[in-house]
Amino acid sequence: MKKIPSRKCLATGQIFPKNDLFRVVRTPEGDVQLDMSGKANGRGAYISKDENAILKAKKTKCLDKALEIEVPDSIYERMILFLKMK
């Protein structure tokens, strides 16, 4: 039986399967992007696929601290838009 990788949501502190989280990446070039494949090169941080968690992450700036760079509001907006499309 294959082990399912799990990661911790920065906003809530809960552990989820990797597929139930958004991965936000700071690339080696210093850009911040939403990594839907989960395989982009760079430092990654995870937020659960929940609107409240996304808003909490935006308010507390936990992604900024984890990635050591300012995360633009467009990243948060894209995560929320993705949830509403689903």
# chains A, B, ... in the order shown; residues from 1 in each chain; ligands from 1
call {"tool": "residues_around", "arguments": {"residues": "segment 36-47 of chain A", "least_positions_apart": "2", "cutoff": "7 Å", "atoms": "only C-alpha atoms", "output": "MDAnalysis selection string"}}
result
chainID A and resid 8:11 21:28 34 49 53:54 63 66:67
call {"tool": "select_by_dssp", "arguments": {"residues": "chain A", "states": "alpha helix (DSSP H)", "output": "count of residues only"}}
result
29
call {"tool": "select_by_dssp", "arguments": {"residues": "chain A", "states": "strand (DSSP E)", "output": "list in words"}}
result
Ser6, Arg7, Lys8, Ile15, Phe16, Pro17, Leu21, Phe22, Arg23, Val24, Val25, Arg26, Val32, Gln33, Leu34, Asp35, Arg43, Gly44, Ala45, Tyr46, Ile47 and Ser48 of chain A
call {"tool": "write_last_selection", "arguments": {"atoms": "C-alpha atoms", "output": "PDB file, in the first residue's frame"}}
result
ATOM      1  CA  SER A   6       0.628  14.874   3.964  1.00  0.00           C
ATOM      2  CA  ARG A   7       1.488  18.494   4.666  1.00  0.00           C
ATOM      3  CA  LYS A   8       0.568  21.085   7.287  1.00  0.00           C
ATOM      4  CA  ILE A  15      -2.424  18.253   8.555  1.00  0.00           C
ATOM      5  CA  PHE A  16      -4.011  17.313   5.231  1.00  0.00           C
ATOM      6  CA  PRO A  17      -3.183  15.017   2.323  1.00  0.00           C
ATOM      7  CA  LEU A  21      -3.782  21.831  -0.236  1.00  0.00           C
ATOM      8  CA  PHE A  22      -2.677  24.714  -2.445  1.00  0.00           C
ATOM      9  CA  ARG A  23       1.090  25.007  -2.883  1.00  0.00           C
ATOM     10  CA  VAL A  24       2.505  28.508  -3.181  1.00  0.00           C
ATOM     11  CA  VAL A  25       6.102  28.667  -4.412  1.00  0.00           C
ATOM     12  CA  ARG A  26       8.886  31.214  -4.288  1.00  0.00           C
ATOM     13  CA  VAL A  32       5.753  33.945  -6.231  1.00  0.00           C
ATOM     14  CA  GLN A  33       3.330  31.631  -8.003  1.00  0.00           C
ATOM     15  CA  LEU A  34       0.525  29.196  -7.332  1.00  0.00           C
ATOM     16  CA  ASP A  35       1.803  25.677  -8.072  1.00  0.00           C
ATOM     17  CA  ARG A  43      10.498  26.960  -1.745  1.00  0.00           C
ATOM     18  CA  GLY A  44       6.909  25.890  -1.164  1.00  0.00           C
ATOM     19  CA  ALA A  45       4.273  26.596   1.453  1.00  0.00           C
ATOM     20  CA  TYR A  46       0.850  24.997   1.800  1.00  0.00           C
ATOM     21  CA  ILE A  47      -2.635  26.417   2.446  1.00  0.00           C
ATOM     22  CA  SER A  48      -5.745  24.243   2.738  1.00  0.00           C
TER      23      SER A  48
END
call {"tool": "atom_distance", "arguments": {"atom1": "atom CA of Glu51 of chain A", "atom2": "atom CA of Gly30 of chain A"}}
result
26.1 Å
call {"tool": "residues_around", "arguments": {"residues": "Ile80 of chain A", "least_positions_apart": "2", "cutoff": "10 Å", "atoms": "only C-alpha atoms", "output": "list in words"}}
result
Lys49, Asp50, Glu51, Asn52, Ile54, Leu55, Ser74, Ile75, Tyr76, Glu77, Arg78, Phe82, Leu83, Lys84 and Met85 of chain A
call {"tool": "write_last_selection", "arguments": {"atoms": "N, CA and C atoms", "output": "short mmCIF file (atom, residue, chain, number, x, y, z; two decimals), in the first residue's frame"}}
result
data_model
loop_
_atom_site.label_atom_id
_atom_site.label_comp_id
_atom_site.auth_asym_id
_atom_site.auth_seq_id
_atom_site.Cartn_x
_atom_site.Cartn_y
_atom_site.Cartn_z
N LYS A 49 -7.45 24.03 1.04
CA LYS A 49 -8.42 24.48 0.04
C LYS A 49 -9.73 24.83 0.73
N ASP A 50 -9.66 25.90 1.53
CA ASP A 50 -10.80 26.40 2.28
C ASP A 50 -10.73 27.93 2.28
N GLU A 51 -11.84 28.57 1.96
CA GLU A 51 -11.83 30.03 1.83
C GLU A 51 -11.44 30.71 3.14
N ASN A 52 -11.90 30.18 4.26
CA ASN A 52 -11.55 30.78 5.56
C ASN A 52 -10.04 30.69 5.82
N ILE A 54 -7.69 30.58 3.52
CA ILE A 54 -7.03 31.50 2.60
C ILE A 54 -7.11 32.93 3.13
N LEU A 55 -8.28 33.32 3.61
CA LEU A 55 -8.45 34.67 4.16
C LEU A 55 -7.62 34.86 5.43
N SER A 74 -2.95 38.89 -5.66
CA SER A 74 -3.46 38.10 -6.80
C SER A 74 -3.35 36.59 -6.54
N ILE A 75 -2.38 36.17 -5.76
CA ILE A 75 -2.24 34.74 -5.43
C ILE A 75 -3.43 34.29 -4.59
N TYR A 76 -3.80 35.08 -3.60
CA TYR A 76 -4.96 34.75 -2.75
C TYR A 76 -6.24 34.75 -3.58
N GLU A 77 -6.36 35.74 -4.46
CA GLU A 77 -7.55 35.84 -5.32
C GLU A 77 -7.67 34.63 -6.25
N ARG A 78 -6.54 34.17 -6.79
CA ARG A 78 -6.55 32.99 -7.67
C ARG A 78 -6.97 31.74 -6.91
N PHE A 82 -10.28 29.64 -7.81
CA PHE A 82 -10.20 28.21 -8.09
C PHE A 82 -11.23 27.43 -7.28
N LEU A 83 -11.42 27.82 -6.01
CA LEU A 83 -12.41 27.15 -5.16
C LEU A 83 -13.82 27.34 -5.70
N LYS A 84 -14.11 28.55 -6.18
CA LYS A 84 -15.46 28.83 -6.68
C LYS A 84 -15.73 28.16 -8.01
N MET A 85 -14.69 27.89 -8.79
CA MET A 85 -14.85 27.19 -10.07
C MET A 85 -15.15 25.72 -9.87
#
call {"tool": "decode", "arguments": {"residues": "segment 39-74 of chain A", "atoms": "N, CA and C atoms", "output": "PDB file, in the first residue's frame"}}
result
ATOM      1  N   LYS A  39       4.938  20.363  -8.241  1.00  0.00           N
ATOM      2  CA  LYS A  39       6.303  19.957  -8.578  1.00  0.00           C
ATOM      3  C   LYS A  39       7.198  21.109  -9.013  1.00  0.00           C
ATOM      4  N   ALA A  40       6.721  22.340  -8.895  1.00  0.00           N
ATOM      5  CA  ALA A  40       7.518  23.487  -9.329  1.00  0.00           C
ATOM      6  C   ALA A  40       8.763  23.621  -8.464  1.00  0.00           C
ATOM      7  N   ASN A  41       9.820  24.108  -9.072  1.00  0.00           N
ATOM      8  CA  ASN A  41      11.087  24.285  -8.390  1.00  0.00           C
ATOM      9  C   ASN A  41      11.026  25.518  -7.494  1.00  0.00           C
ATOM     10  N   GLY A  42      11.476  25.391  -6.267  1.00  0.00           N
ATOM     11  CA  GLY A  42      11.522  26.521  -5.355  1.00  0.00           C
ATOM     12  C   GLY A  42      11.001  26.161  -3.979  1.00  0.00           C
ATOM     13  N   ARG A  43      10.972  27.157  -3.119  1.00  0.00           N
ATOM     14  CA  ARG A  43      10.498  26.960  -1.745  1.00  0.00           C
ATOM     15  C   ARG A  43       8.980  27.002  -1.727  1.00  0.00           C
ATOM     16  N   GLY A  44       8.363  25.989  -1.154  1.00  0.00           N
ATOM     17  CA  GLY A  44       6.909  25.890  -1.164  1.00  0.00           C
ATOM     18  C   GLY A  44       6.297  26.025   0.221  1.00  0.00           C
ATOM     19  N   ALA A  45       5.059  26.501   0.225  1.00  0.00           N
ATOM     20  CA  ALA A  45       4.273  26.596   1.453  1.00  0.00           C
ATOM     21  C   ALA A  45       2.850  26.173   1.107  1.00  0.00           C
ATOM     22  N   TYR A  46       2.146  25.601   2.072  1.00  0.00           N
ATOM     23  CA  TYR A  46       0.850  24.997   1.800  1.00  0.00           C
ATOM     24  C   TYR A  46      -0.275  25.686   2.571  1.00  0.00           C
ATOM     25  N   ILE A  47      -1.411  25.867   1.861  1.00  0.00           N
ATOM     26  CA  ILE A  47      -2.635  26.417   2.446  1.00  0.00           C
ATOM     27  C   ILE A  47      -3.774  25.486   2.061  1.00  0.00           C
ATOM     28  N   SER A  48      -4.643  25.162   3.025  1.00  0.00           N
ATOM     29  CA  SER A  48      -5.745  24.243   2.738  1.00  0.00           C
ATOM     30  C   SER A  48      -6.738  24.879   1.767  1.00  0.00           C
ATOM     31  N   LYS A  49      -7.449  24.034   1.038  1.00  0.00           N
ATOM     32  CA  LYS A  49      -8.418  24.481   0.037  1.00  0.00           C
ATOM     33  C   LYS A  49      -9.726  24.833   0.730  1.00  0.00           C
ATOM     34  N   ASP A  50      -9.656  25.903   1.530  1.00  0.00           N
ATOM     35  CA  ASP A  50     -10.802  26.399   2.279  1.00  0.00           C
ATOM     36  C   ASP A  50     -10.730  27.927   2.279  1.00  0.00           C
ATOM     37  N   GLU A  51     -11.838  28.567   1.957  1.00  0.00           N
ATOM     38  CA  GLU A  51     -11.832  30.029   1.831  1.00  0.00           C
ATOM     39  C   GLU A  51     -11.442  30.713   3.135  1.00  0.00           C
ATOM     40  N   ASN A  52     -11.903  30.180   4.263  1.00  0.00           N
ATOM     41  CA  ASN A  52     -11.548  30.776   5.559  1.00  0.00           C
ATOM     42  C   ASN A  52     -10.044  30.687   5.822  1.00  0.00           C
ATOM     43  N   ALA A  53      -9.427  29.567   5.440  1.00  0.00           N
ATOM     44  CA  ALA A  53      -7.983  29.400   5.623  1.00  0.00           C
ATOM     45  C   ALA A  53      -7.209  30.371   4.738  1.00  0.00           C
ATOM     46  N   ILE A  54      -7.690  30.579   3.518  1.00  0.00           N
ATOM     47  CA  ILE A  54      -7.030  31.504   2.597  1.00  0.00           C
ATOM     48  C   ILE A  54      -7.107  32.935   3.133  1.00  0.00           C
ATOM     49  N   LEU A  55      -8.284  33.323   3.610  1.00  0.00           N
ATOM     50  CA  LEU A  55      -8.451  34.667   4.158  1.00  0.00           C
ATOM     51  C   LEU A  55      -7.616  34.864   5.428  1.00  0.00           C
ATOM     52  N   LYS A  56      -7.516  33.815   6.238  1.00  0.00           N
ATOM     53  CA  LYS A  56      -6.698  33.891   7.452  1.00  0.00           C
ATOM     54  C   LYS A  56      -5.217  34.034   7.092  1.00  0.00           C
ATOM     55  N   ALA A  57      -4.784  33.300   6.068  1.00  0.00           N
ATOM     56  CA  ALA A  57      -3.394  33.388   5.623  1.00  0.00           C
ATOM     57  C   ALA A  57      -3.077  34.793   5.109  1.00  0.00           C
ATOM     58  N   LYS A  58      -4.030  35.376   4.410  1.00  0.00           N
ATOM     59  CA  LYS A  58      -3.848  36.735   3.887  1.00  0.00           C
ATOM     60  C   LYS A  58      -3.767  37.742   5.030  1.00  0.00           C
ATOM     61  N   LYS A  59      -4.632  37.576   6.025  1.00  0.00           N
ATOM     62  CA  LYS A  59      -4.682  38.506   7.152  1.00  0.00           C
ATOM     63  C   LYS A  59      -3.425  38.417   8.018  1.00  0.00           C
ATOM     64  N   THR A  60      -2.976  37.196   8.303  1.00  0.00           N
ATOM     65  CA  THR A  60      -1.825  37.011   9.194  1.00  0.00           C
ATOM     66  C   THR A  60      -0.483  37.071   8.464  1.00  0.00           C
ATOM     67  N   LYS A  61      -0.526  37.073   7.129  1.00  0.00           N
ATOM     68  CA  LYS A  61       0.686  37.119   6.301  1.00  0.00           C
ATOM     69  C   LYS A  61       1.634  35.949   6.592  1.00  0.00           C
ATOM     70  N   CYS A  62       1.064  34.784   6.897  1.00  0.00           N
ATOM     71  CA  CYS A  62       1.902  33.620   7.209  1.00  0.00           C
ATOM     72  C   CYS A  62       2.665  33.122   5.977  1.00  0.00           C
ATOM     73  N   LEU A  63       2.092  33.310   4.787  1.00  0.00           N
ATOM     74  CA  LEU A  63       2.824  32.934   3.569  1.00  0.00           C
ATOM     75  C   LEU A  63       4.031  33.845   3.363  1.00  0.00           C
ATOM     76  N   ASP A  64       3.873  35.124   3.648  1.00  0.00           N
ATOM     77  CA  ASP A  64       4.989  36.068   3.527  1.00  0.00           C
ATOM     78  C   ASP A  64       6.152  35.632   4.419  1.00  0.00           C
ATOM     79  N   LYS A  65       5.824  35.220   5.632  1.00  0.00           N
ATOM     80  CA  LYS A  65       6.856  34.810   6.586  1.00  0.00           C
ATOM     81  C   LYS A  65       7.520  33.510   6.157  1.00  0.00           C
ATOM     82  N   ALA A  66       6.714  32.550   5.703  1.00  0.00           N
ATOM     83  CA  ALA A  66       7.262  31.240   5.328  1.00  0.00           C
ATOM     84  C   ALA A  66       8.128  31.316   4.069  1.00  0.00           C
ATOM     85  N   LEU A  67       7.698  32.126   3.107  1.00  0.00           N
ATOM     86  CA  LEU A  67       8.429  32.222   1.843  1.00  0.00           C
ATOM     87  C   LEU A  67       9.472  33.336   1.864  1.00  0.00           C
ATOM     88  N   GLU A  68       9.479  34.131   2.924  1.00  0.00           N
ATOM     89  CA  GLU A  68      10.427  35.231   3.092  1.00  0.00           C
ATOM     90  C   GLU A  68      10.366  36.229   1.937  1.00  0.00           C
ATOM     91  N   ILE A  69       9.145  36.483   1.453  1.00  0.00           N
ATOM     92  CA  ILE A  69       8.915  37.435   0.381  1.00  0.00           C
ATOM     93  C   ILE A  69       7.458  37.867   0.456  1.00  0.00           C
ATOM     94  N   GLU A  70       7.140  39.068  -0.030  1.00  0.00           N
ATOM     95  CA  GLU A  70       5.760  39.534   0.004  1.00  0.00           C
ATOM     96  C   GLU A  70       4.943  38.811  -1.063  1.00  0.00           C
ATOM     97  N   VAL A  71       3.868  38.170  -0.630  1.00  0.00           N
ATOM     98  CA  VAL A  71       2.989  37.437  -1.548  1.00  0.00           C
ATOM     99  C   VAL A  71       1.922  38.410  -2.056  1.00  0.00           C
ATOM    100  N   PRO A  72       1.810  38.584  -3.383  1.00  0.00           N
ATOM    101  CA  PRO A  72       0.809  39.515  -3.913  1.00  0.00           C
ATOM    102  C   PRO A  72      -0.616  39.032  -3.667  1.00  0.00           C
ATOM    103  N   ASP A  73      -1.548  39.990  -3.572  1.00  0.00           N
ATOM    104  CA  ASP A  73      -2.961  39.664  -3.352  1.00  0.00           C
ATOM    105  C   ASP A  73      -3.526  38.798  -4.470  1.00  0.00           C
ATOM    106  N   SER A  74      -2.953  38.886  -5.663  1.00  0.00           N
ATOM    107  CA  SER A  74      -3.459  38.105  -6.798  1.00  0.00           C
ATOM    108  C   SER A  74      -3.349  36.594  -6.540  1.00  0.00           C
TER     109      SER A  74
END
